[in-house]
Every structure is written in structure tokens, then in C-alpha cells.
$ cat structure_9.txt   # compact mmCIF, C-alpha atoms
# COMPACT_ATOMS: atom_id res chain seq x y z
CA MET A 1243 0.00 0.00 0.00
CA ARG A 1244 2.75 2.40 0.97
CA THR A 1245 4.66 1.54 -2.22
CA ASP A 1246 1.56 2.26 -4.32
CA MET A 1247 1.02 5.62 -2.59
CA THR A 1248 4.67 6.53 -3.09
CA ARG A 1249 4.46 5.61 -6.77
CA ARG A 1250 1.25 7.64 -7.16
CA ARG A 1251 2.84 10.70 -5.53
CA TRP A 1252 5.88 10.35 -7.78
CA LEU A 1253 3.64 10.19 -10.88
CA ILE A 1254 1.70 13.27 -9.78
CA ALA A 1255 4.90 15.18 -9.05
CA SER A 1256 6.56 14.16 -12.30
CA THR A 1257 3.42 15.04 -14.27
CA GLY A 1258 3.43 18.45 -12.62
CA LEU A 1259 7.08 18.96 -13.50
CA ALA A 1260 6.42 17.94 -17.09
CA ALA A 1261 3.50 20.34 -17.33
CA THR A 1262 5.62 23.12 -15.91
CA ALA A 1263 8.35 22.36 -18.44
CA LEU A 1264 5.85 22.36 -21.28
CA LEU A 1265 4.42 25.68 -20.15
CA SER A 1266 7.91 27.13 -19.81
CA GLY A 1267 8.81 25.87 -23.27
CA ALA A 1268 5.65 27.34 -24.78
CA ALA A 1269 6.29 30.67 -23.08
CA ARG A 1270 9.88 30.69 -24.31
CA ALA A 1271 8.68 29.88 -27.83
CA HIS A 1272 6.49 32.95 -27.61
CA GLY A 1273 9.48 35.11 -26.72
CA PHE A 1274 8.83 35.15 -22.98
CA ASP A 1275 11.34 34.32 -20.30
CA ALA A 1276 11.83 36.52 -17.25
CA GLU A 1277 15.57 35.88 -17.01
CA ASP A 1278 16.10 36.43 -20.73
CA ASP A 1279 14.02 39.60 -20.50
CA ALA A 1280 16.26 40.95 -17.74
CA ASP A 1281 19.25 40.35 -20.02
CA ALA A 1282 17.41 42.03 -22.90
CA ALA A 1283 16.72 45.08 -20.71
CA GLU A 1284 20.39 45.34 -19.77
CA ARG A 1285 21.39 45.13 -23.43
CA TRP A 1286 18.73 47.70 -24.39
CA THR A 1287 20.09 50.09 -21.78
CA ARG A 1288 23.67 49.60 -23.01
CA GLU A 1289 22.71 50.14 -26.64
CA ARG A 1290 20.37 53.10 -26.11
CA ARG A 1291 21.38 56.14 -28.13
CA PHE A 1292 20.13 59.71 -28.21
CA GLN A 1293 19.58 61.80 -31.33
CA THR A 1294 19.16 65.56 -30.97
CA THR A 1295 16.31 67.12 -32.96
CA PRO A 1296 14.46 70.44 -32.68
CA TYR A 1297 12.09 68.58 -30.32
CA GLY A 1298 14.63 67.34 -27.79
CA ARG A 1299 16.78 64.20 -27.60
CA THR A 1300 15.13 61.09 -29.00
CA ALA A 1301 16.10 57.86 -27.25
CA TYR A 1302 16.34 54.93 -29.65
CA ILE A 1303 17.86 51.57 -30.49
CA ASP A 1304 19.65 51.10 -33.83
CA ARG A 1305 20.34 47.46 -34.58
CA GLY A 1306 20.96 45.43 -37.73
CA ALA A 1307 21.71 46.22 -41.35
CA GLY A 1308 19.86 46.63 -44.63
CA PRO A 1309 16.84 48.78 -45.54
CA THR A 1310 15.52 50.63 -42.50
CA ALA A 1311 12.46 49.52 -40.53
CA LEU A 1312 10.94 51.98 -38.04
CA PHE A 1313 9.09 50.49 -35.05
CA LEU A 1314 6.50 52.69 -33.28
CA HIS A 1315 5.40 51.54 -29.84
CA GLY A 1316 2.21 51.84 -27.81
CA PHE A 1317 1.07 53.73 -24.70
CA PRO A 1318 2.50 53.72 -22.00
CA LEU A 1319 5.31 51.57 -23.37
CA SER A 1320 8.60 52.36 -25.11
CA GLY A 1321 10.72 50.99 -27.92
CA PHE A 1322 11.56 48.05 -25.64
CA GLN A 1323 8.21 46.62 -26.77
CA TRP A 1324 9.89 45.52 -30.01
CA ARG A 1325 12.89 43.65 -28.57
CA GLY A 1326 11.68 40.21 -29.66
CA ALA A 1327 10.75 41.32 -33.15
CA ILE A 1328 14.04 43.15 -33.63
CA ASP A 1329 15.98 40.07 -32.50
CA ARG A 1330 14.30 38.21 -35.36
CA LEU A 1331 14.44 40.92 -38.03
CA SER A 1332 17.75 42.71 -37.53
CA LYS A 1333 19.50 40.31 -39.94
CA ILE A 1334 17.41 41.65 -42.82
CA ARG A 1335 16.67 45.23 -41.72
CA ARG A 1336 18.30 48.11 -39.95
CA CYS A 1337 15.82 48.31 -37.06
CA LEU A 1338 15.16 51.69 -35.44
CA ALA A 1339 13.03 51.71 -32.30
CA PRO A 1340 12.63 55.24 -30.91
CA ASP A 1341 10.80 56.19 -27.73
CA SER A 1342 7.90 58.56 -28.36
CA MET A 1343 7.96 62.03 -26.84
CA GLY A 1344 6.46 61.79 -23.37
CA LEU A 1345 7.24 58.09 -22.95
CA GLY A 1346 10.34 55.97 -22.46
CA PHE A 1347 13.68 57.74 -22.18
CA THR A 1348 13.21 60.42 -24.85
CA GLU A 1349 14.00 63.89 -23.49
CA VAL A 1350 11.49 66.53 -24.56
CA LEU A 1351 12.22 70.24 -24.74
CA PRO A 1352 10.26 72.33 -22.20
CA GLY A 1353 6.84 73.34 -23.51
CA GLN A 1354 6.98 70.95 -26.46
CA SER A 1355 3.62 69.44 -27.45
CA VAL A 1356 3.49 65.63 -27.60
CA THR A 1357 0.34 65.03 -29.66
CA PRO A 1358 0.35 62.46 -32.49
CA ASP A 1359 0.86 65.31 -34.98
CA ASP A 1360 3.97 66.39 -33.09
CA GLN A 1361 5.21 62.81 -32.87
CA VAL A 1362 5.14 62.69 -36.70
CA LYS A 1363 7.16 65.89 -36.93
CA MET A 1364 9.69 64.59 -34.43
CA LEU A 1365 10.05 61.29 -36.31
CA ILE A 1366 10.69 63.04 -39.62
CA ALA A 1367 13.34 65.21 -37.95
CA PHE A 1368 14.78 62.06 -36.35
CA LEU A 1369 14.99 60.25 -39.71
CA ASP A 1370 16.51 63.32 -41.36
CA ALA A 1371 19.17 63.51 -38.66
CA LEU A 1372 20.06 59.87 -39.33
CA SER A 1373 19.99 60.40 -43.12
CA VAL A 1374 17.23 57.80 -43.55
CA ASP A 1375 15.20 58.46 -46.68
CA ALA A 1376 12.48 55.80 -46.40
CA VAL A 1377 11.33 53.14 -43.93
CA ASP A 1378 9.18 50.08 -43.51
CA LEU A 1379 6.78 51.13 -40.74
CA VAL A 1380 5.75 48.68 -38.00
CA ALA A 1381 3.35 50.02 -35.38
CA ASN A 1382 1.11 49.14 -32.43
CA ASP A 1383 -1.54 50.96 -30.36
CA SER A 1384 -1.13 54.77 -30.40
CA GLY A 1385 1.99 54.20 -32.48
CA GLY A 1386 -0.38 52.90 -35.15
CA ALA A 1387 -2.18 56.24 -35.21
CA VAL A 1388 1.15 58.01 -35.60
CA ALA A 1389 2.15 55.58 -38.36
CA GLN A 1390 -1.01 56.29 -40.36
CA LEU A 1391 -0.46 60.04 -40.06
CA LEU A 1392 3.19 59.70 -41.07
CA ALA A 1393 2.29 57.56 -44.08
CA ILE A 1394 -0.31 59.95 -45.50
CA ARG A 1395 1.70 63.11 -44.83
CA HIS A 1396 5.05 61.78 -45.99
CA PRO A 1397 4.22 58.94 -48.41
CA GLN A 1398 7.63 59.21 -50.06
CA ARG A 1399 9.23 58.24 -46.73
CA VAL A 1400 7.24 54.99 -46.26
CA ARG A 1401 7.86 51.80 -48.27
CA SER A 1402 5.41 49.56 -46.44
CA LEU A 1403 3.12 49.50 -43.40
CA LEU A 1404 2.55 46.71 -40.88
CA LEU A 1405 -0.26 47.61 -38.49
CA THR A 1406 -1.19 45.74 -35.33
CA ASN A 1407 -3.96 46.55 -32.82
CA CYS A 1408 -4.28 50.32 -32.95
CA ASP A 1409 -6.49 53.35 -33.45
CA VAL A 1410 -8.49 53.68 -36.65
CA GLU A 1411 -10.54 56.73 -37.54
CA PRO A 1412 -13.94 55.34 -36.40
CA ASP A 1413 -12.42 53.95 -33.16
CA SER A 1414 -10.14 56.70 -31.92
CA PRO A 1415 -9.88 57.19 -29.08
CA PRO A 1416 -11.38 53.87 -27.93
CA PRO A 1417 -13.95 54.15 -25.11
CA ALA A 1418 -11.67 52.18 -22.78
CA LEU A 1419 -9.40 55.24 -22.48
CA LYS A 1420 -12.06 57.37 -20.79
CA PRO A 1421 -10.79 56.68 -17.21
CA VAL A 1422 -7.25 57.54 -18.33
CA PHE A 1423 -8.42 60.86 -19.77
CA GLU A 1424 -10.31 61.73 -16.59
CA LEU A 1425 -7.24 61.10 -14.42
CA ALA A 1426 -4.91 62.85 -16.87
CA GLU A 1427 -7.13 65.93 -16.84
CA MET A 1428 -6.73 65.95 -13.05
CA GLY A 1429 -2.97 65.60 -13.53
CA ILE A 1430 -2.77 62.37 -11.53
CA TRP A 1431 -2.90 59.49 -14.02
CA PRO A 1432 0.73 58.29 -13.57
CA ASP A 1433 0.49 58.48 -9.78
CA ALA A 1434 -2.93 56.82 -9.68
CA TRP A 1435 -2.21 53.92 -12.04
CA LEU A 1436 1.46 53.56 -12.92
CA ALA A 1437 3.11 54.20 -9.54
CA PRO A 1438 1.31 51.32 -7.76
CA TRP A 1439 2.18 48.98 -10.65
CA LEU A 1440 5.86 49.92 -10.53
CA LYS A 1441 5.97 49.53 -6.75
CA ASP A 1442 4.19 46.16 -6.76
CA LYS A 1443 4.89 44.46 -10.07
CA ALA A 1444 2.60 41.54 -9.24
CA LYS A 1445 -0.23 44.07 -9.07
CA CYS A 1446 0.71 45.26 -12.55
CA ARG A 1447 0.10 41.72 -13.83
CA MET A 1448 -3.31 41.32 -12.16
CA PRO A 1449 -6.55 41.31 -14.22
CA ASP A 1450 -7.14 45.03 -13.56
CA GLY A 1451 -3.49 45.93 -14.14
CA LEU A 1452 -1.56 46.66 -17.30
CA GLY A 1453 -0.88 42.95 -17.73
CA GLY A 1454 -4.43 41.73 -17.38
CA MET A 1455 -5.83 44.47 -19.58
CA CYS A 1456 -3.30 44.29 -22.40
CA PHE A 1457 -1.44 40.94 -22.32
CA SER A 1458 -2.71 37.39 -22.76
CA ASN A 1459 0.06 35.71 -20.74
CA PRO A 1460 -0.56 36.28 -16.99
CA GLU A 1461 3.21 36.45 -16.46
CA HIS A 1462 3.43 39.55 -18.62
CA PRO A 1463 4.81 42.15 -18.48
CA THR A 1464 8.00 40.96 -16.85
CA ASP A 1465 9.61 42.90 -14.02
CA ALA A 1466 12.28 44.08 -16.45
CA ALA A 1467 9.68 45.34 -18.91
CA ILE A 1468 7.74 47.16 -16.17
CA GLU A 1469 10.94 48.96 -15.16
CA GLN A 1470 11.67 49.91 -18.77
CA TYR A 1471 8.14 51.20 -19.39
CA LEU A 1472 7.02 52.82 -16.16
CA GLY A 1473 10.30 53.78 -14.50
CA PRO A 1474 11.12 56.72 -16.80
CA ILE A 1475 7.58 58.13 -16.63
CA LEU A 1476 7.66 58.23 -12.84
CA GLN A 1477 11.13 59.77 -12.54
CA SER A 1478 9.96 63.34 -11.97
CA VAL A 1479 6.99 65.68 -11.83
CA GLU A 1480 7.93 66.90 -15.31
CA ARG A 1481 7.91 63.37 -16.76
CA LYS A 1482 4.54 62.63 -15.17
CA ASP A 1483 3.16 65.81 -16.69
CA LEU A 1484 4.41 64.75 -20.11
CA ALA A 1485 2.65 61.38 -19.74
CA ASN A 1486 -0.58 63.14 -18.80
CA ARG A 1487 -0.20 65.37 -21.86
CA TYR A 1488 0.54 62.37 -24.08
CA ALA A 1489 -2.73 60.78 -22.93
CA LEU A 1490 -4.74 63.95 -23.48
CA GLY A 1491 -3.20 64.34 -26.93
CA LEU A 1492 -5.15 61.21 -27.89
CA LYS A 1493 -8.50 62.55 -26.66
CA PRO A 1494 -9.49 64.62 -29.71
CA ASN A 1495 -9.51 61.99 -32.45
CA PRO A 1496 -6.04 62.37 -34.07
CA LEU A 1497 -7.26 60.47 -37.14
CA ALA A 1498 -10.37 62.52 -37.83
CA GLY A 1499 -10.82 63.06 -41.56
CA ILE A 1500 -7.93 60.88 -42.79
CA GLU A 1501 -9.93 58.14 -44.53
CA GLY A 1502 -9.79 59.84 -47.91
CA ASP A 1503 -6.02 60.10 -47.69
CA LEU A 1504 -5.69 56.48 -46.58
CA ARG A 1505 -7.63 55.39 -49.67
CA LYS A 1506 -4.93 57.02 -51.81
CA LEU A 1507 -2.02 55.40 -49.98
CA ASP A 1508 -0.08 53.40 -52.57
CA ILE A 1509 2.09 51.16 -50.40
CA PRO A 1510 1.78 47.48 -49.46
CA VAL A 1511 0.13 46.87 -46.08
CA ARG A 1512 -0.38 43.90 -43.79
CA VAL A 1513 -2.60 43.86 -40.71
CA VAL A 1514 -2.08 41.56 -37.70
CA TRP A 1515 -4.73 41.71 -34.99
CA GLY A 1516 -5.12 40.21 -31.52
CA MET A 1517 -8.78 39.24 -31.32
CA SER A 1518 -8.95 39.06 -27.51
CA ASP A 1519 -8.15 42.77 -27.27
CA ASP A 1520 -10.64 44.58 -25.00
CA ILE A 1521 -9.37 48.06 -25.91
CA PHE A 1522 -9.85 48.33 -29.68
CA ALA A 1523 -12.83 47.06 -31.65
CA LYS A 1524 -12.57 43.62 -33.24
CA ASP A 1525 -13.77 44.88 -36.62
CA ASN A 1526 -10.96 47.43 -36.96
CA PRO A 1527 -8.86 45.15 -39.20
CA ASP A 1528 -11.83 44.83 -41.55
CA TYR A 1529 -12.08 48.61 -41.69
CA LEU A 1530 -8.40 48.88 -42.58
CA ALA A 1531 -8.78 46.20 -45.26
CA ARG A 1532 -11.68 48.15 -46.83
CA VAL A 1533 -9.98 51.54 -46.74
CA LEU A 1534 -6.32 50.87 -47.54
CA PRO A 1535 -6.03 49.95 -51.24
CA ARG A 1536 -3.05 47.58 -51.00
CA VAL A 1537 -3.73 45.40 -47.96
CA GLU A 1538 -2.00 42.12 -48.79
CA GLY A 1539 -3.32 40.16 -45.86
CA VAL A 1540 -5.06 40.26 -42.49
CA ARG A 1541 -3.96 37.79 -39.82
CA ARG A 1542 -6.08 37.34 -36.71
CA ILE A 1543 -4.63 35.85 -33.52
CA PRO A 1544 -7.57 34.57 -31.41
CA GLU A 1545 -5.86 34.55 -27.99
CA ALA A 1546 -3.83 37.76 -28.35
CA LYS A 1547 -4.54 41.10 -26.67
CA LEU A 1548 -3.43 44.68 -27.37
CA PHE A 1549 0.30 44.36 -26.78
CA PHE A 1550 0.69 40.98 -28.48
CA PRO A 1551 3.82 42.05 -30.49
CA GLU A 1552 5.73 41.66 -27.22
CA GLU A 1553 4.31 38.19 -26.54
CA TYR A 1554 4.26 36.81 -30.09
CA PRO A 1555 7.29 38.38 -31.79
CA HIS A 1556 7.66 35.31 -34.01
CA ILE A 1557 4.26 36.03 -35.57
CA LEU A 1558 5.13 39.67 -36.11
CA ALA A 1559 8.43 38.67 -37.72
CA GLU A 1560 6.67 36.18 -40.01
CA GLU A 1561 4.24 38.84 -41.20
CA ALA A 1562 6.99 41.41 -41.67
CA ARG A 1563 8.94 38.99 -43.84
CA ARG A 1564 5.85 38.31 -45.94
CA LEU A 1565 5.26 42.02 -46.37
CA TRP A 1566 8.90 42.73 -47.21
CA LYS A 1567 9.09 39.73 -49.59
CA VAL A 1568 12.08 38.13 -47.90
CA ALA A 1569 12.51 34.46 -47.01
$ encode --input "structure_9.txt" --output "C-alpha cells"
Amino acid sequence: MRTDMTRRRWLIASTGLAATALLSGAARAHGFDAEDDADAAERWTRERRFQTTPYGRTAYIDRGAGPTALFLHGFPLSGFQWRGAIDRLSKIRRCLAPDSMGLGFTEVLPGQSVTPDDQVKMLIAFLDALSVDAVDLVANDSGGAVAQLLAIRHPQRVRSLLLTNCDVEPDSPPPALKPVFELAEMGIWPDAWLAPWLKDKAKCRMPDGLGGMCFSNPEHPTDAAIEQYLGPILQSVERKDLANRYALGLKPNPLAGIEGDLRKLDIPVRVVWGMSDDIFAKDNPDYLARVLPRVEGVRRIPEAKLFFPEEYPHILAEEARRLWKVA
């Protein structure tokens, strides 16, 4: 009897270990590993550069070689969002991942506006300073709104466009941002939401935290990612004010009236959409496919949420390669 019980306990324990290993392997396959992410954050910090423009000093990563790809991140993230994708694409592209004004480590001149319109102007100045004529745009969330504006205003600077979950004209800003706007108008959004998440990173990963709202894997974002994203915003009163202003810059629809210009956009486009996203509408990719004349494909990821490019960088890299016509 005792031998049978011992054997049963061993089977249960070994099954549990196997399940844990399988889960760990699946997470790693999806680009997630807390220890690896800590190493990635250290490398990102070492490689971070700053480019002076009339708007301040843009923090960015410049990795790889070949035609340039420009990665535009979401809110309240930074260029670190693209680490997994850049690891996979830097052999075929020079990958630039700047931090938007008001987020990440970019230093903004006093009094500088940080609306999506101003982000476009900063990015053009940034590309000019680096002598980059044209880019393949890859964008997520509010970075997707900026990407659309950049593409219609400077079509000669954009070779292709890869859009993930983001604003579109009929769904900008999404209703889910209303609480953020209310707190930002009071000047307290970073202190009310971000500070508790940075202090207690487990809280950030809870269902009502950044992780639960925007990531499908309950272990996301990692501690390293939380430090990269929220740490700079909470460094000073001035940085918190910039984050509040970034949020409020999204309140008047930044994409109002652009549909006609999008219909004239003559560049290849692919759309990749996380269908478990609770922030943006699930029919947004269909809208983009109707409006943009050269959409070459729409890929839907059933389990993915808003910030899926961080969790599924292999999928993003696959779609980028298809769009760029490289093996």
C-alpha cells in the first residue's frame, strides 16, 4: 500500500514537473522568459542612443543592417516593446526603435507638445538627422495612429506599413481610455495607475493591471519590462506631466478626416490583430482592409490582446517577412 502511494505521488509530481516544463517551453517559444528579459533590458540600456532634434533628444535603439524599418510603440510603453521582433528581423533590416515624446527615455524640450501630430514631426526630424530616406513602418496601439499620419503626410518616406492593434478613424480614441483621460485631466494618471504597478509588479500583472488588460500571458509584463516602461515616466513631476499630456493628446480623435487620404495610400500593407483585445474594436482590421487599397493580408490571432507584439514576436516577424518579400 505504501509503495503504491509513493508511486502515485511520484507520478503526480513528475506530471506536474512535465506540465511546468511544457508551459515554460511554450512561453519561451512565444518570446517570454523573465531571465532572458532581464538580459534584454540590460542590453537595451547599453545600446540606447540619443539623437538631438528640434524637439529634444530622441532615445532609440539602432540594430541590424539593410533597408531601414521603423518600429512605433504603444502607450504607455517604449521601444523596448519591439525587442523580440528586432531580435528576429535585424538580420534583414536596420531596425530603429525610438521612444515617443512623453514616454520611455526620450528627453522633450520644455513646452513641447506631444500630440500624435507632433510625434510625426519629431520622427521626420529624427529620420533626417540619421539620413534615412524611407522606412518600412511597423506600429502598435497609439503608435499605429502616428504611423497612419506619417504615411499619408510623408508617403515618399514609407515603403510599407505593418499595423497591429491600434487606433483607426472610427475607433479613436477607444472608449476604454475614458478613465485615463479623466485622471490625466486631473494631472494624476501616472500616480494613480502607474506608480502602484511599478511599486508592486505583481499588481501590474493582475486582471485590472496593465498585464491583465493588455497581455494574454498572466506572467506579462515581466519585471524588467515594467521597469523599462514605467520607471522613466515616474522619474519626476515633469515626466509625469508629459505622460498626462501624451494621454490627453489622444482625446481629440487624431485620425479625424484621414480616410480619404488612406484610400490614396499606394504602399503594401499587412494587418495583424489580436482578437482578444478589450481596448480596440474587433472589426478594426476589416475597416483597414476596406480603406487601404493595397492590404496584402489580415492575420487574426484569437488569444492575443493589445500588446501581443511583445508576446508573439515570431508572428510579427513572419508577417513582416511576408510584407517585405524576404525568405
$ atom_distance --input "structure_9.txt" --atom1 "atom CA of Asp1465 of chain A" --atom2 "atom CA of Lys1441 of chain A"
10.5 Å
$ closest_residue --input "structure_9.txt" --among "A:Pro1432, A:Gly1316, A:Pro1496, A:Gly1308" --to "Leu1405 of chain A" --atoms "only C-alpha atoms"
A:Gly1316
$ closest_residue --input "structure_9.txt" --among "A:Arg1299, A:Arg1536, A:His1315, A:Lys1363" --to "Cys1408 of chain A" --atoms "only C-alpha atoms"
A:His1315
$ residues_around --input "structure_9.txt" --residues "Ala1485 of chain A" --least-positions-apart "4" --cutoff "7 Å" --atoms "only C-alpha atoms" --output "PyMOL selection string"
chain A and resi 1344-1345+1475+1481+1489
$ closest_residue --input "structure_9.txt" --among "A:Asn1407, A:Lys1482, A:Leu1452, A:Ala1467" --to "Leu1548 of chain A" --atoms "only C-alpha atoms"
A:Asn1407
$ residues_around --input "structure_9.txt" --residues "Leu1492 of chain A" --least-positions-apart "5" --cutoff "12 Å" --atoms "all atoms listed in the file" --output "compact mmCIF listing (two decimals) with C-alpha atoms, keeping the file's coordinate frame"
# COMPACT_ATOMS: atom_id res chain seq x y z
CA GLY A 1316 2.21 51.84 -27.81
CA PHE A 1317 1.07 53.73 -24.70
CA VAL A 1356 3.49 65.63 -27.60
CA THR A 1357 0.34 65.03 -29.66
CA PRO A 1358 0.35 62.46 -32.49
CA ASP A 1359 0.86 65.31 -34.98
CA ASP A 1360 3.97 66.39 -33.09
CA GLN A 1361 5.21 62.81 -32.87
CA ASP A 1383 -1.54 50.96 -30.36
CA SER A 1384 -1.13 54.77 -30.40
CA GLY A 1385 1.99 54.20 -32.48
CA ALA A 1387 -2.18 56.24 -35.21
CA VAL A 1388 1.15 58.01 -35.60
CA ASP A 1409 -6.49 53.35 -33.45
CA GLU A 1411 -10.54 56.73 -37.54
CA ASP A 1413 -12.42 53.95 -33.16
CA SER A 1414 -10.14 56.70 -31.92
CA PRO A 1415 -9.88 57.19 -29.08
CA PRO A 1416 -11.38 53.87 -27.93
CA PRO A 1417 -13.95 54.15 -25.11
CA LEU A 1419 -9.40 55.24 -22.48
CA LYS A 1420 -12.06 57.37 -20.79
CA VAL A 1422 -7.25 57.54 -18.33
CA PHE A 1423 -8.42 60.86 -19.77
CA ALA A 1426 -4.91 62.85 -16.87
CA ALA A 1485 2.65 61.38 -19.74
CA ASN A 1486 -0.58 63.14 -18.80
CA ARG A 1487 -0.20 65.37 -21.86
CA LEU A 1497 -7.26 60.47 -37.14
CA ALA A 1498 -10.37 62.52 -37.83
$ residues_around --input "structure_9.txt" --residues "segment 1365-1372 of chain A" --least-positions-apart "4" --cutoff "8 Å" --atoms "only C-alpha atoms" --output "PyMOL selection string"
chain A and resi 1293-1296+1300+1361
$ write_last_selection --input "structure_9.txt" --atoms "C-alpha atoms" --output "PDB file, in the frame of the given file"
ATOM      1  CA  GLN A1293      19.580  61.800 -31.330  1.00  0.00           C
ATOM      2  CA  THR A1294      19.160  65.560 -30.970  1.00  0.00           C
ATOM      3  CA  THR A1295      16.310  67.120 -32.960  1.00  0.00           C
ATOM      4  CA  PRO A1296      14.460  70.440 -32.680  1.00  0.00           C
ATOM      5  CA  THR A1300      15.130  61.090 -29.000  1.00  0.00           C
ATOM      6  CA  GLN A1361       5.210  62.810 -32.870  1.00  0.00           C
TER       7      GLN A1361
END
$ atom_distance --input "structure_9.txt" --atom1 "atom CA of Asn1382 of chain A" --atom2 "atom CA of Asp1304 of chain A"
18.7 Å
$ atom_distance --input "structure_9.txt" --atom1 "atom CA of Ser1332 of chain A" --atom2 "atom CA of Arg1399 of chain A"
20.0 Å
$ closest_residue --input "structure_9.txt" --among "A:Gly1353, A:Gly1346, A:Pro1309, A:Pro1527" --to "Lys1333 of chain A" --atoms "only C-alpha atoms"
A:Pro1309
$ closest_residue --input "structure_9.txt" --among "A:Leu1351, A:Leu1391, A:Met1448, A:Leu1404" --to "Tyr1297 of chain A" --atoms "only C-alpha atoms"
A:Leu1351
$ closest_residue --input "structure_9.txt" --among "A:Ser1478, A:Ser1320, A:Ser1518, A:Gln1354" --to "Ser1458 of chain A" --atoms "only C-alpha atoms"
A:Ser1518
$ residues_near_point --input "structure_9.txt" --point "(18.4, 50.3, -36.7)" --cutoff "9 Å" --atoms "all atoms listed in the file" --output "ChimeraX atom specification"
/A:1302-1308,1310-1312,1328,1332,1335-1339
$ axis_aligned_box --input "structure_9.txt" --around "segment 1505-1519 of chain A" --padding-each-side "3 Å" --output "JSON"
{"center_x": -3.4, "center_y": 48.0, "center_z": -39.9, "size_x": 17.0, "size_y": 24.0, "size_z": 31.3}
$ residues_around --input "structure_9.txt" --residues "Leu1565 of chain A" --least-positions-apart "5" --cutoff "12 Å" --atoms "all atoms listed in the file" --output "list in words"
Ala1311, Asp1378, Leu1379, Val1380, Arg1401, Ser1402, Leu1403, Leu1404, Leu1405, Ile1509, Pro1510, Val1511, Arg1512, Val1513, Val1514, Arg1536, Val1537, Glu1538, Gly1539, Val1540, Leu1558, Ala1559 and Glu1560 of chain A
$ build_atoms --input "structure_9.txt" --residues "segment 1395-1406 of chain A" --atoms "N, CA and C atoms" --output "PDB file, in the frame of the given file"
ATOM      1  N   ARG A1395       1.091  61.781 -44.718  1.00  0.00           N
ATOM      2  CA  ARG A1395       1.700  63.110 -44.830  1.00  0.00           C
ATOM      3  C   ARG A1395       3.075  63.065 -45.491  1.00  0.00           C
ATOM      4  N   HIS A1396       3.719  61.929 -45.395  1.00  0.00           N
ATOM      5  CA  HIS A1396       5.050  61.780 -45.990  1.00  0.00           C
ATOM      6  C   HIS A1396       5.124  60.455 -46.738  1.00  0.00           C
ATOM      7  N   PRO A1397       4.270  60.247 -47.728  1.00  0.00           N
ATOM      8  CA  PRO A1397       4.220  58.940 -48.410  1.00  0.00           C
ATOM      9  C   PRO A1397       5.535  58.542 -49.053  1.00  0.00           C
ATOM     10  N   GLN A1398       6.345  59.527 -49.435  1.00  0.00           N
ATOM     11  CA  GLN A1398       7.630  59.210 -50.060  1.00  0.00           C
ATOM     12  C   GLN A1398       8.623  58.625 -49.063  1.00  0.00           C
ATOM     13  N   ARG A1399       8.321  58.744 -47.761  1.00  0.00           N
ATOM     14  CA  ARG A1399       9.230  58.240 -46.730  1.00  0.00           C
ATOM     15  C   ARG A1399       8.849  56.834 -46.258  1.00  0.00           C
ATOM     16  N   VAL A1400       7.746  56.275 -46.770  1.00  0.00           N
ATOM     17  CA  VAL A1400       7.240  54.990 -46.260  1.00  0.00           C
ATOM     18  C   VAL A1400       7.150  53.976 -47.394  1.00  0.00           C
ATOM     19  N   ARG A1401       7.895  52.866 -47.271  1.00  0.00           N
ATOM     20  CA  ARG A1401       7.860  51.800 -48.270  1.00  0.00           C
ATOM     21  C   ARG A1401       6.723  50.821 -48.043  1.00  0.00           C
ATOM     22  N   SER A1402       6.440  50.537 -46.778  1.00  0.00           N
ATOM     23  CA  SER A1402       5.410  49.560 -46.440  1.00  0.00           C
ATOM     24  C   SER A1402       4.899  49.849 -45.040  1.00  0.00           C
ATOM     25  N   LEU A1403       3.763  49.228 -44.688  1.00  0.00           N
ATOM     26  CA  LEU A1403       3.120  49.500 -43.400  1.00  0.00           C
ATOM     27  C   LEU A1403       2.597  48.188 -42.816  1.00  0.00           C
ATOM     28  N   LEU A1404       3.058  47.863 -41.622  1.00  0.00           N
ATOM     29  CA  LEU A1404       2.550  46.710 -40.880  1.00  0.00           C
ATOM     30  C   LEU A1404       1.855  47.228 -39.632  1.00  0.00           C
ATOM     31  N   LEU A1405       0.535  47.100 -39.604  1.00  0.00           N
ATOM     32  CA  LEU A1405      -0.260  47.610 -38.490  1.00  0.00           C
ATOM     33  C   LEU A1405      -0.749  46.471 -37.617  1.00  0.00           C
ATOM     34  N   THR A1406      -0.604  46.644 -36.311  1.00  0.00           N
ATOM     35  CA  THR A1406      -1.190  45.740 -35.330  1.00  0.00           C
ATOM     36  C   THR A1406      -2.273  46.513 -34.586  1.00  0.00           C
TER      37      THR A1406
END
